[in-house]
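A.B. asks: data_13.pdb (PDB, C-alpha atoms) pasted underneath:
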```
ATOM      1  CA  MET A   1      82.971  71.592 132.363
ATOM      2  CA  SER A   2      83.672  72.599 128.773
ATOM      3  CA  GLU A   3      83.192  76.121 127.474
ATOM      4  CA  THR A   4      80.085  76.886 125.485
ATOM      5  CA  ILE A   5      80.139  78.670 122.145
ATOM      6  CA  PHE A   6      78.800  81.729 123.956
ATOM      7  CA  GLU A   7      81.680  81.791 126.446
ATOM      8  CA  ARG A   8      84.287  81.292 123.724
ATOM      9  CA  LEU A   9      82.885  84.089 121.572
ATOM     10  CA  GLU A  10      82.702  86.498 124.514
ATOM     11  CA  GLN A  11      86.271  85.635 125.517
ATOM     12  CA  GLN A  12      87.537  86.236 121.970
ATOM     13  CA  LEU A  13      85.713  89.560 121.746
ATOM     14  CA  LYS A  14      87.214  90.683 125.061
ATOM     15  CA  GLN A  15      90.684  89.891 123.718
ATOM     16  CA  LEU A  16      90.145  91.652 120.375
ATOM     17  CA  LEU A  17      88.425  94.819 121.557
ATOM     18  CA  ASP A  18      90.200  97.423 123.625
ATOM     19  CA  GLU A  19      86.952  98.345 125.325
ATOM     20  CA  ALA A  20      84.450  96.430 127.404
ATOM     21  CA  ILE A  21      81.928  94.386 125.480
ATOM     22  CA  PRO A  22      78.208  94.619 126.230
ATOM     23  CA  THR A  23      76.870  92.200 128.841
ATOM     24  CA  HIS A  24      75.251  89.036 127.427
ATOM     25  CA  VAL A  25      76.420  89.974 123.922
ATOM     26  CA  THR A  26      76.060  86.426 122.601
ATOM     27  CA  ASP A  27      72.542  85.754 123.801
ATOM     28  CA  ASN A  28      70.814  89.139 123.776
ATOM     29  CA  ILE A  29      70.046  90.917 120.509
ATOM     30  CA  ASN A  30      70.100  94.372 122.112
ATOM     31  CA  SER A  31      73.589  93.759 123.488
ATOM     32  CA  ALA A  32      74.714  92.397 120.130
ATOM     33  CA  LEU A  33      73.433  95.557 118.448
ATOM     34  CA  GLU A  34      75.521  97.577 120.939
ATOM     35  CA  LEU A  35      78.518  95.613 119.616
ATOM     36  CA  VAL A  36      77.469  96.633 116.097
ATOM     37  CA  THR A  37      77.676 100.274 117.225
ATOM     38  CA  VAL A  38      81.239  99.660 118.452
ATOM     39  CA  MET A  39      82.141  98.074 115.123
ATOM     40  CA  GLU A  40      80.574 100.925 113.158
ATOM     41  CA  ALA A  41      82.663 103.379 115.177
ATOM     42  CA  ARG A  42      85.692 101.438 113.902
ATOM     43  CA  GLY A  43      84.628 102.025 110.308
ATOM     44  CA  PHE A  44      82.618  98.894 109.534
ATOM     45  CA  SER A  45      79.198  98.881 107.933
ATOM     46  CA  PHE A  46      76.761  96.201 109.055
ATOM     47  CA  GLN A  47      73.963  94.088 107.639
ATOM     48  CA  LEU A  48      71.877  91.353 109.277
ATOM     49  CA  LYS A  49      69.830  89.110 107.014
ATOM     50  CA  ASP A  50      67.257  86.428 107.792
ATOM     51  CA  ALA A  51      68.247  83.474 105.610
ATOM     52  CA  CYS A  52      64.935  81.695 106.277
ATOM     53  CA  PRO A  53      62.427  84.546 106.091
ATOM     54  CA  LYS A  54      59.372  82.458 105.233
ATOM     55  CA  SER A  55      59.988  79.548 107.575
ATOM     56  CA  LEU A  56      58.040  79.218 110.792
ATOM     57  CA  THR A  57      60.344  76.487 112.119
ATOM     58  CA  ASP A  58      63.836  77.213 110.770
ATOM     59  CA  SER A  59      66.112  80.039 111.805
ATOM     60  CA  LEU A  60      69.370  81.117 110.194
ATOM     61  CA  TRP A  61      70.846  84.594 110.467
ATOM     62  CA  CYS A  62      73.655  85.969 108.353
ATOM     63  CA  ALA A  63      75.622  88.860 109.843
ATOM     64  CA  ASN A  64      77.980  90.870 107.629
ATOM     65  CA  PHE A  65      80.565  93.501 108.453
ATOM     66  CA  LEU A  66      82.083  95.351 105.507
ATOM     67  CA  LYS A  67      85.185  97.529 105.489
ATOM     68  CA  ASP A  68      87.528  98.582 102.691
ATOM     69  CA  GLY A  69      85.794  96.258 100.240
ATOM     70  CA  GLU A  70      86.233  93.190 102.454
ATOM     71  CA  ASN A  71      83.207  91.301 103.728
ATOM     72  CA  PHE A  72      83.297  89.403 107.009
ATOM     73  CA  SER A  73      80.252  87.208 107.538
ATOM     74  CA  ALA A  74      78.950  84.468 109.791
ATOM     75  CA  GLU A  75      75.763  82.415 109.892
ATOM     76  CA  TYR A  76      74.073  80.933 112.932
ATOM     77  CA  PRO A  77      70.493  80.175 114.026
ATOM     78  CA  LEU A  78      70.745  82.869 116.744
ATOM     79  CA  ALA A  79      71.286  86.412 115.489
ATOM     80  CA  PRO A  80      73.521  87.542 118.409
ATOM     81  CA  VAL A  81      75.901  84.622 117.829
ATOM     82  CA  ALA A  82      76.093  85.381 114.101
ATOM     83  CA  ILE A  83      76.862  89.038 114.889
ATOM     84  CA  CYS A  84      79.590  88.132 117.385
ATOM     85  CA  ALA A  85      81.196  85.571 115.086
ATOM     86  CA  ALA A  86      81.236  88.019 112.160
ATOM     87  CA  ALA A  87      82.724  90.722 114.401
ATOM     88  CA  ILE A  88      85.468  88.357 115.519
ATOM     89  CA  GLY A  89      86.266  87.528 111.900
ATOM     90  CA  ALA A  90      86.453  91.207 111.020
ATOM     91  CA  LEU A  91      88.608  92.114 114.013
ATOM     92  CA  THR A  92      90.933  89.145 113.558
ATOM     93  CA  ASP A  93      91.640  89.988 109.928
ATOM     94  CA  GLN A  94      92.716  93.566 110.655
TER      95      GLN A  94
END
```
Starting from the coordinates I provided, produce the structure as structure tokens.
C.D. replies:
Amino acid sequence: MSETIFERLEQQLKQLLDEAIPTHVTDNINSALELVTVMEARGFSFQLKDACPKSLTDSLWCANFLKDGENFSAEYPLAPVAICAAAIGALTDQ
């Protein structure tokens, strides 16, 4: 069986962070916001934006982490996935 995007993101986060990641971080917004707290403790600021705010059928979330003038962003229809992908980008570039 092939890995899902959720499993790959969680695996990458586990490798990049020295601490445990929140349970169900890729499919639970509360867990993803716990990850944001971890990132903010590392000096990142965070912004989550609804890219389709007026649509009743479309969903696209843009998560941004900013540090030292560099922006690390990701877009995905599910907010927790966008947050995790942006966090991975930010942690990988350090």
A.B. asks: Using all atoms listed in the file, can you tell me which of A:Asn28, A:Ser45, A:Thr23, A:Thr37 comes closest to Pro80 in chain A?
C.D. replies: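 Checking each of A:Asn28, A:Ser45, A:Thr23, A:Thr37 against Pro80 in chain A, counting all atoms listed in the file, the winner is A:Asn28.
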A.B. asks: Can you work out the spacing between CA of Ser55 in chain A and CA of Ala87 in chain A in Å, to one decimal?
C.D. replies: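 Interatomic distance here is 26.2 Å.
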A.B. asks: Would you write out, as a list in words, every residue that the PyMOL selection byres ((chain A and resi 78) around 9) captures in this file?
C.D. replies: Thr26, Asp27, Ile29, Ser59, Leu60, Trp61, Glu75, Tyr76, Pro77, Ala79, Pro80, Val81, Ala82 and Ile83 of chain A
A.B. asks: Nearest to Val25 in chain A among A:Leu66, A:Asp93, A:Cys84, A:Ile5, with distances taken over all atoms listed in the file: which residue is it?
C.D. replies: A:Cys84
A.B. asks: Output as AutoDock Vina command-line options the centre and edge lengths (Å, one decimal) of the box along x, y and z of the file that holds every listed atom of range 2-19 of chain A after adding 4 Å on each side.
C.D. replies:
```
--center_x 84.7 --center_y 85.5 --center_z 124.6 --size_x 19.9 --size_y 33.7 --size_z 16.4
```
A.B. asks: Tell me which residues the PyMOL selection byres ((chain A and resi 38) around 12) grabs here, as a list of chain:residue names.
C.D. replies: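 Selection result, ordered by chain and number: A:Leu13, A:Leu17, A:Asp18, A:Glu19, A:Ala20, A:Ile21, A:Pro22, A:Ser31, A:Ala32, A:Leu33, A:Glu34, A:Leu35, A:Val36, A:Thr37, A:Met39, A:Glu40, A:Ala41, A:Arg42, A:Gly43, A:Phe44, A:Ser45, A:Phe46, A:Phe65, A:Cys84, A:Ala87, A:Leu91.
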A.B. asks: Could you state the separation of CA of Arg8 in chain A and CA of Ala86 in chain A in Å, given to one decimal place?
C.D. replies: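 Separation between CA of Arg8 in chain A and CA of Ala86 in chain A: 13.7 Å.
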A.B. asks: Pick out the closest residue to Ser73 in chain A from this set: A:Ile88, A:Leu16, A:Ala51, A:Leu56. Count all atoms listed in the file.
C.D. replies: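 Once distances to Ser73 in chain A are computed over all atoms listed in the file, the minimum belongs to A:Ile88.
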A.B. asks: For a quick check of understanding, using all atoms listed in the file, which of A:Asn30, A:Glu7, A:Ala74, A:His24 has the smallest distance to Leu48 in chain A?
C.D. replies: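 Going through A:Asn30, A:Glu7, A:Ala74, A:His24 one by one, the smallest distance to Leu48 in chain A is for A:Ala74.
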A.B. asks: Record the distance separating CA of Ala90 in chain A and CA of Asp50 in chain A, expressed in Å with one decimal.
C.D. replies: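 Taking CA of Ala90 in chain A and CA of Asp50 in chain A, their separation equals 20.0 Å.
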